[in-house]
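Chemist: My file is protein-v4.cif. It has mmCIF, C-alpha atoms:
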```cif
data_structure
loop_
_atom_site.label_atom_id
_atom_site.label_comp_id
_atom_site.auth_asym_id
_atom_site.auth_seq_id
_atom_site.Cartn_x
_atom_site.Cartn_y
_atom_site.Cartn_z
CA MET A 15 112.90 65.45 90.68
CA THR A 16 114.42 68.23 88.59
CA GLU A 17 116.89 68.87 91.38
CA THR A 18 117.87 65.27 92.05
CA ALA A 19 118.29 64.72 88.30
CA ASN A 20 121.49 66.71 88.43
CA PHE A 21 123.41 65.01 91.23
CA VAL A 22 126.19 62.44 91.13
CA ILE A 23 127.00 60.94 94.53
CA ASN A 24 125.49 61.02 97.99
CA HIS A 25 127.00 61.69 101.41
CA ASP A 26 127.59 58.06 102.41
CA GLN A 27 129.25 57.31 99.08
CA LEU A 28 131.68 60.22 99.43
CA LEU A 29 132.57 59.24 103.00
CA GLU A 30 133.21 55.66 101.88
CA HIS A 31 135.31 56.97 98.98
CA TRP A 32 137.45 59.15 101.26
CA GLN A 33 137.90 56.55 103.98
CA GLY A 34 138.72 53.94 101.32
CA HIS A 35 141.58 56.14 100.13
CA ARG A 36 142.66 56.76 103.72
CA ALA A 37 142.74 52.99 104.36
CA LEU A 38 145.10 52.56 101.40
CA THR A 39 147.32 55.43 102.54
CA ARG A 40 147.53 53.80 105.97
CA LYS A 41 148.83 50.63 104.30
CA ILE A 42 151.44 52.67 102.45
CA ILE A 43 152.64 54.19 105.75
CA GLU A 44 152.90 50.64 107.11
CA ALA A 45 154.83 49.47 104.04
CA PHE A 46 157.73 51.84 104.74
CA PRO A 47 160.65 50.61 106.83
CA GLU A 48 160.63 52.70 110.03
CA ASP A 49 163.75 54.73 109.24
CA LYS A 50 162.91 55.31 105.55
CA LEU A 51 159.47 56.67 106.48
CA PHE A 52 161.17 59.60 108.21
CA SER A 53 164.23 60.07 106.02
CA TYR A 54 163.92 58.64 102.50
CA SER A 55 163.57 61.08 99.62
CA VAL A 56 163.75 61.11 95.81
CA GLY A 57 164.45 64.31 93.86
CA GLY A 58 164.83 66.40 97.02
CA MET A 59 161.18 65.90 97.98
CA ARG A 60 159.87 65.51 101.56
CA PRO A 61 160.04 62.17 103.37
CA PHE A 62 156.66 60.42 103.33
CA SER A 63 156.14 60.99 107.08
CA GLU A 64 155.88 64.73 106.40
CA MET A 65 153.46 64.26 103.52
CA ALA A 66 151.34 61.98 105.72
CA MET A 67 151.30 64.59 108.51
CA GLU A 68 150.16 67.20 105.97
CA MET A 69 147.28 64.85 105.06
CA ILE A 70 146.46 64.42 108.75
CA ASP A 71 146.47 68.19 109.38
CA MET A 72 144.29 68.83 106.31
CA ALA A 73 141.84 66.10 107.23
CA GLU A 74 141.62 66.98 110.93
CA GLY A 75 141.50 70.77 110.57
CA GLY A 76 139.46 70.33 107.39
CA ILE A 77 136.60 68.21 108.69
CA SER A 78 136.37 70.42 111.77
CA GLY A 79 136.32 73.62 109.64
CA ILE A 80 133.78 72.19 107.22
CA VAL A 81 131.44 71.21 110.03
CA SER A 82 131.85 74.30 112.24
CA GLY A 83 132.73 77.03 109.73
CA GLU A 84 135.63 77.91 112.04
CA TRP A 85 139.05 77.34 110.50
CA LYS A 86 142.43 77.03 112.18
CA SER A 87 145.15 79.06 110.50
CA LEU A 88 147.91 77.06 108.82
CA ASP A 89 150.27 78.15 111.62
CA ASP A 90 148.07 76.41 114.17
CA LEU A 91 148.17 73.00 112.51
CA GLY A 92 149.74 70.15 114.44
CA HIS A 93 152.83 69.33 112.44
CA VAL A 94 153.66 72.99 111.78
CA ASN A 95 153.74 73.40 115.54
CA GLY A 96 156.41 70.73 115.75
CA ASN A 97 154.12 67.97 116.95
CA MET A 98 155.62 65.50 114.52
CA PRO A 99 155.27 61.84 115.48
CA LYS A 100 158.67 60.26 116.04
CA THR A 101 157.76 56.67 115.17
CA LYS A 102 155.60 54.82 112.67
CA ASP A 103 153.31 53.65 115.48
CA GLU A 104 152.78 57.22 116.70
CA LEU A 105 151.98 58.33 113.15
CA LEU A 106 149.49 55.47 112.68
CA ASN A 107 147.84 56.33 116.01
CA VAL A 108 147.27 59.94 114.95
CA TRP A 109 146.02 58.66 111.58
CA ASP A 110 143.48 56.39 113.29
CA LYS A 111 142.33 59.13 115.65
CA VAL A 112 141.50 61.33 112.64
CA THR A 113 139.70 58.43 110.93
CA GLY A 114 137.36 58.33 113.93
CA GLN A 115 136.88 62.11 113.97
CA ILE A 116 135.89 62.13 110.29
CA ASN A 117 133.31 59.36 110.82
CA GLN A 118 131.93 61.14 113.85
CA LEU A 119 131.61 64.63 112.31
CA TRP A 120 130.59 63.62 108.77
CA PRO A 121 126.82 63.28 109.41
CA GLN A 122 126.71 66.97 110.44
CA ILE A 123 127.54 68.16 106.88
CA SER A 124 124.39 69.11 104.97
CA SER A 125 123.99 69.23 101.19
CA GLU A 126 123.63 73.01 101.47
CA ARG A 127 126.96 73.14 103.31
CA PHE A 128 128.71 71.15 100.55
CA GLN A 129 127.65 73.90 98.12
CA GLU A 130 128.52 76.90 100.35
CA VAL A 131 131.56 78.97 99.49
CA ASP A 132 133.96 79.23 102.42
CA LEU A 133 137.55 80.35 103.06
CA ALA A 134 139.28 77.10 104.04
CA PHE A 135 142.00 77.65 106.65
CA GLY A 136 141.29 81.38 106.23
CA LEU A 137 143.07 81.28 102.85
CA TYR A 138 141.52 79.07 100.17
CA GLU A 139 138.19 80.20 98.78
CA GLY A 140 135.85 77.72 97.16
CA PRO A 141 132.71 75.65 97.60
CA VAL A 142 133.04 73.16 100.45
CA TYR A 143 132.72 70.13 98.15
CA ALA A 144 135.76 71.38 96.17
CA THR A 145 137.77 71.91 99.36
CA LEU A 146 137.00 68.37 100.41
CA PHE A 147 137.98 66.96 97.01
CA TYR A 148 141.21 68.93 97.35
CA PHE A 149 142.02 67.07 100.58
CA ILE A 150 141.32 63.70 98.92
CA ASP A 151 143.20 64.56 95.72
CA ASN A 152 146.18 65.92 97.64
CA GLU A 153 146.35 62.60 99.50
CA ILE A 154 146.21 60.56 96.27
CA HIS A 155 148.87 62.83 94.73
CA HIS A 156 151.40 62.45 97.54
CA ARG A 157 150.61 58.78 98.10
CA GLY A 158 151.40 58.22 94.41
CA GLN A 159 154.79 59.75 95.16
CA ALA A 160 155.22 57.31 98.02
CA TYR A 161 154.71 54.47 95.52
CA VAL A 162 157.82 55.73 93.69
CA TYR A 163 159.74 55.94 96.98
CA LEU A 164 158.77 52.35 97.83
CA ARG A 165 159.53 50.98 94.34
CA SER A 166 162.92 52.68 94.35
CA LEU A 167 163.57 51.01 97.74
CA GLY A 168 162.77 47.65 96.14
CA ILE A 169 159.47 47.33 98.04
CA THR A 170 156.25 46.28 96.24
CA PRO A 171 153.43 48.60 97.41
CA PRO A 172 149.86 47.39 98.03
CA PRO A 173 147.75 47.65 94.85
CA PHE A 174 146.12 51.02 94.13
CA TRP A 175 142.65 49.46 93.96
CA GLU A 176 142.76 48.01 97.51
CA ARG A 177 140.59 50.25 99.66
CA ASN A 178 139.71 48.27 102.77
CA MET B 27 113.70 67.65 99.04
CA THR B 28 114.48 64.50 101.01
CA GLU B 29 116.30 63.13 98.02
CA THR B 30 118.32 66.26 97.18
CA ALA B 31 119.25 66.61 100.86
CA ASN B 32 121.63 63.70 100.48
CA PHE B 33 123.70 64.76 97.48
CA VAL B 34 127.13 66.32 97.25
CA ILE B 35 128.04 67.55 93.75
CA ASN B 36 126.22 68.00 90.47
CA HIS B 37 127.08 66.94 86.91
CA ASP B 38 128.68 70.21 85.80
CA GLN B 39 130.83 70.35 88.92
CA LEU B 40 132.16 66.83 88.38
CA LEU B 41 132.95 67.52 84.72
CA GLU B 42 134.81 70.70 85.71
CA HIS B 43 136.67 68.75 88.41
CA TRP B 44 137.76 66.04 85.95
CA GLN B 45 138.71 68.43 83.15
CA GLY B 46 140.60 70.59 85.67
CA HIS B 47 142.72 67.58 86.60
CA ARG B 48 143.17 66.70 82.92
CA ALA B 49 144.38 70.26 82.22
CA LEU B 50 147.04 69.88 84.91
CA THR B 51 148.11 66.47 83.60
CA ARG B 52 148.46 68.00 80.13
CA LYS B 53 150.87 70.59 81.61
CA ILE B 54 152.88 67.78 83.21
CA ILE B 55 153.19 66.02 79.83
CA GLU B 56 154.41 69.33 78.39
CA ALA B 57 156.92 69.78 81.23
CA PHE B 58 158.83 66.60 80.27
CA PRO B 59 161.76 66.90 77.87
CA GLU B 60 160.76 64.98 74.71
CA ASP B 61 163.14 62.04 75.21
CA LYS B 62 162.54 61.71 78.96
CA LEU B 63 158.78 61.52 78.43
CA PHE B 64 159.27 58.23 76.58
CA SER B 65 162.23 56.79 78.46
CA TYR B 66 162.74 58.17 81.96
CA SER B 67 161.94 55.92 84.91
CA VAL B 68 162.49 55.77 88.67
CA GLY B 69 162.35 52.49 90.60
CA GLY B 70 161.71 50.43 87.46
CA MET B 71 158.33 52.06 86.86
CA ARG B 72 156.88 52.91 83.44
CA PRO B 73 157.89 56.07 81.57
CA PHE B 74 155.25 58.79 81.94
CA SER B 75 154.20 58.49 78.26
CA GLU B 76 152.84 55.00 79.02
CA MET B 77 151.00 56.18 82.13
CA ALA B 78 149.50 59.05 80.12
CA MET B 79 148.36 56.62 77.40
CA GLU B 80 146.71 54.48 80.08
CA MET B 81 144.84 57.60 81.25
CA ILE B 82 143.81 58.33 77.65
CA ASP B 83 142.57 54.77 77.10
CA MET B 84 140.63 54.78 80.36
CA ALA B 85 139.07 58.17 79.67
CA GLU B 86 138.21 57.47 76.02
CA GLY B 87 136.93 53.90 76.46
CA GLY B 88 135.49 54.90 79.83
CA ILE B 89 133.32 57.84 78.79
CA SER B 90 132.09 55.87 75.80
CA GLY B 91 131.25 52.82 77.96
CA ILE B 92 129.56 54.94 80.62
CA VAL B 93 127.37 56.65 78.05
CA SER B 94 126.56 53.64 75.85
CA GLY B 95 126.78 50.73 78.31
CA GLU B 96 129.01 49.02 75.73
CA TRP B 97 132.56 48.46 76.88
CA LYS B 98 135.66 47.71 74.86
CA SER B 99 137.75 44.90 76.28
CA LEU B 100 141.16 45.89 77.62
CA ASP B 101 142.76 44.16 74.62
CA ASP B 102 140.96 46.56 72.28
CA LEU B 103 142.31 49.72 73.87
CA GLY B 104 144.50 51.98 71.73
CA HIS B 105 147.87 51.73 73.40
CA VAL B 106 147.57 47.99 74.01
CA ASN B 107 147.12 47.65 70.26
CA GLY B 108 150.46 49.32 69.72
CA ASN B 109 149.05 52.72 68.74
CA MET B 110 151.50 54.52 70.97
CA PRO B 111 152.24 58.12 70.01
CA LYS B 112 155.90 58.52 69.08
CA THR B 113 156.28 62.22 69.96
CA LYS B 114 155.07 64.60 72.65
CA ASP B 115 152.99 66.49 70.07
CA GLU B 116 151.23 63.30 68.97
CA LEU B 117 150.49 62.43 72.60
CA LEU B 118 149.11 65.91 73.28
CA ASN B 119 146.94 65.68 70.15
CA VAL B 120 145.37 62.42 71.33
CA TRP B 121 144.94 63.98 74.79
CA ASP B 122 143.07 66.97 73.32
CA LYS B 123 140.88 64.75 71.13
CA VAL B 124 139.72 62.88 74.25
CA THR B 125 139.11 66.19 76.08
CA GLY B 126 136.61 67.06 73.35
CA GLN B 127 134.99 63.62 73.41
CA ILE B 128 134.41 63.87 77.17
CA ASN B 129 132.81 67.32 76.86
CA GLN B 130 130.62 66.11 74.02
CA LEU B 131 129.39 62.88 75.64
CA TRP B 132 129.10 64.09 79.25
CA PRO B 133 125.59 65.63 79.01
CA GLN B 134 124.21 62.18 78.07
CA ILE B 135 124.98 60.73 81.52
CA SER B 136 121.92 60.80 83.78
CA SER B 137 121.89 60.74 87.57
CA GLU B 138 120.31 57.28 87.39
CA ARG B 139 123.23 56.13 85.22
CA PHE B 140 125.80 57.40 87.76
CA GLN B 141 124.18 55.09 90.32
CA GLU B 142 123.81 52.02 88.08
CA VAL B 143 126.11 49.06 88.66
CA ASP B 144 127.99 48.11 85.49
CA LEU B 145 130.96 45.93 84.50
CA ALA B 146 133.52 48.49 83.28
CA PHE B 147 135.64 47.14 80.41
CA GLY B 148 133.84 43.83 80.99
CA LEU B 149 135.89 43.31 84.15
CA TYR B 150 135.40 45.83 86.94
CA GLU B 151 132.06 45.79 88.69
CA GLY B 152 130.79 48.86 90.51
CA PRO B 153 128.45 51.83 90.35
CA VAL B 154 129.25 54.13 87.44
CA TYR B 155 130.15 57.08 89.73
CA ALA B 156 132.82 54.90 91.40
CA THR B 157 134.22 53.80 88.03
CA LEU B 158 134.51 57.43 87.00
CA PHE B 159 136.22 58.40 90.25
CA TYR B 160 138.61 55.51 89.62
CA PHE B 161 139.63 57.07 86.29
CA ILE B 162 140.21 60.46 87.95
CA ASP B 163 142.04 59.00 90.96
CA ASN B 164 144.23 56.81 88.77
CA GLU B 165 145.23 59.92 86.83
CA ILE B 166 146.09 61.85 90.03
CA HIS B 167 148.03 58.84 91.32
CA HIS B 168 150.26 58.44 88.26
CA ARG B 169 150.61 62.18 87.73
CA GLY B 170 151.92 62.39 91.31
CA GLN B 171 154.56 59.88 90.24
CA ALA B 172 155.44 62.11 87.30
CA TYR B 173 156.12 64.91 89.80
CA VAL B 174 158.83 62.71 91.32
CA TYR B 175 160.24 61.95 87.85
CA LEU B 176 160.38 65.69 87.03
CA ARG B 177 161.89 66.68 90.40
CA SER B 178 164.54 64.00 90.09
CA LEU B 179 165.34 65.43 86.63
CA GLY B 180 165.81 68.85 88.24
CA ILE B 181 162.59 70.22 86.68
CA THR B 182 160.08 72.21 88.79
CA PRO B 183 156.57 70.91 87.95
CA PRO B 184 153.52 73.21 87.68
CA PRO B 185 151.77 73.59 91.06
CA PHE B 186 149.24 70.89 92.00
CA TRP B 187 146.48 73.46 92.49
CA GLU B 188 146.68 74.88 88.94
CA ARG B 189 143.71 73.48 87.06
CA ASN B 190 143.18 75.69 84.03
#
```
Write the structure described by the file as structure tokens, please.
Modeler:
Amino acid sequence: MTETANFVINHDQLLEHWQGHRALTRKIIEAFPEDKLFSYSVGGMRPFSEMAMEMIDMAEGGISGIVSGEWKSLDDLGHVNGNMPKTKDELLNVWDKVTGQINQLWPQISSERFQEVDLAFGLYEGPVYATLFYFIDNEIHHRGQAYVYLRSLGITPPPFWERN
Amino acid sequence: MTETANFVINHDQLLEHWQGHRALTRKIIEAFPEDKLFSYSVGGMRPFSEMAMEMIDMAEGGISGIVSGEWKSLDDLGHVNGNMPKTKDELLNVWDKVTGQINQLWPQISSERFQEVDLAFGLYEGPVYATLFYFIDNEIHHRGQAYVYLRSLGITPPPFWERN
């Protein structure tokens, strides 16, 4: 009991939390007009398609690295290699593929693994739980930027609290 | 051991995670020119001072409600009552006061409490851990928007991964 007395959330809750955020980000991708998704920018920042592909690369390479302990290098990630989707539908298809991969691999992560220190993508040292929170936080961060893009295009984004 | 085998992060780690994000948000407040903090907007959205006061209200009323089980109503929150700081220094002072309150109250939250379902601010039902993640995520979300504000003002924001 001493050990459990110090814990906050369990595995299922964190998966639901992450996939809830991913469901909202998917809606934000859908909310963009096709051309603006790949071209629109404020303040010289990247179009949202590129931010979304970064999230996809992090999530796909990330869940696989967390589970296996083997990390792709950043140069080997999909969108760096030029495999950028050309349409919104293509982007959503890759998104959905990764959603399935996360659900499939998640049960293989043990509590011990969440606390292990690893070198994510061969570069970023930290406990696995912190690496995972980085993926989630990075998604929230860039999706928040997409809200500004949409508002400045005159489009009302789906509410932040909608996660299904 | 069966129970611990299903947990992800402990109390200290979540506090460090939250305060790390709050340290970055503080830097973003500092990065705004005084007048732009209170006036600048993209896409008709709120100036960042108002978003930051929302974060302060959520964190201050939130940590107190989580610890005591007694929630202020939204109408009783500081900035709704017109107690808006008028300068960047005033805003940073309120920010720092809340940083101390969180550190002081945090040890009183038990693991059982994190899993209890409560009605945050008398309105939002959910387990306490999810309410707390909502505060953190809402901060990341709006701070991401401040990155767009700063970039569109020609200001380079502090890196997203800087948390101290």
Chemist: Which centre and which edge lengths, in Å to one decimal, describe the axis-aligned box that holds all listed atoms of range 159-174 of chain B after 4 Å is added on each side, as JSON?
Modeler:
```
{"center_x": 147.5, "center_y": 60.2, "center_z": 88.8, "size_x": 30.6, "size_y": 17.4, "size_z": 13.0}
```
Chemist: Closest to His155 in chain A among A:Thr39, A:Gln129, A:Ser55, A:Asn20, using all atoms listed in the file?
Modeler: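 Going through A:Thr39, A:Gln129, A:Ser55, A:Asn20 one by one, the smallest distance to His155 in chain A is for A:Thr39.
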Chemist: Specify as a PyMOL selection string each residue included when the PyMOL selection byres ((chain B) within 10 of (chain A)) is applied to this file.
Modeler: chain B and resi 27-40+43+47+67-71+135-141+154-156+159-160+162-181+186-187
Chemist: By how many Å are CA of Asp49 in chain A and CA of Lys102 in chain A apart?
Modeler: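 Computing it gives 8.8 Å between the two atoms.
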Chemist: Using all atoms listed in the file, can you tell me which of A:Glu68, A:Lys111, A:Tyr54, A:Asn117 comes closest to Asn95 in chain A?
Modeler: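 When distances to Asn95 in chain A are compared using all atoms listed in the file, the smallest one comes from A:Glu68.
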Chemist: One decimal, Å: what's the distance from CA of Trp120 in chain A over to CA of Val108 in chain A, could you say?
Modeler: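 Separation between CA of Trp120 in chain A and CA of Val108 in chain A: 18.2 Å.
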Chemist: Find the residue from A:Trp109, A:Gly76, A:Leu29, A:Gly34 that sits nearest to Ser63 in chain A; use all atoms listed in the file when measuring.
Modeler: A:Trp109
Chemist: So how many Å separate CA of Ile128 in chain B and CA of Ile89 in chain B, to one decimal?
Modeler: 6.3 Å
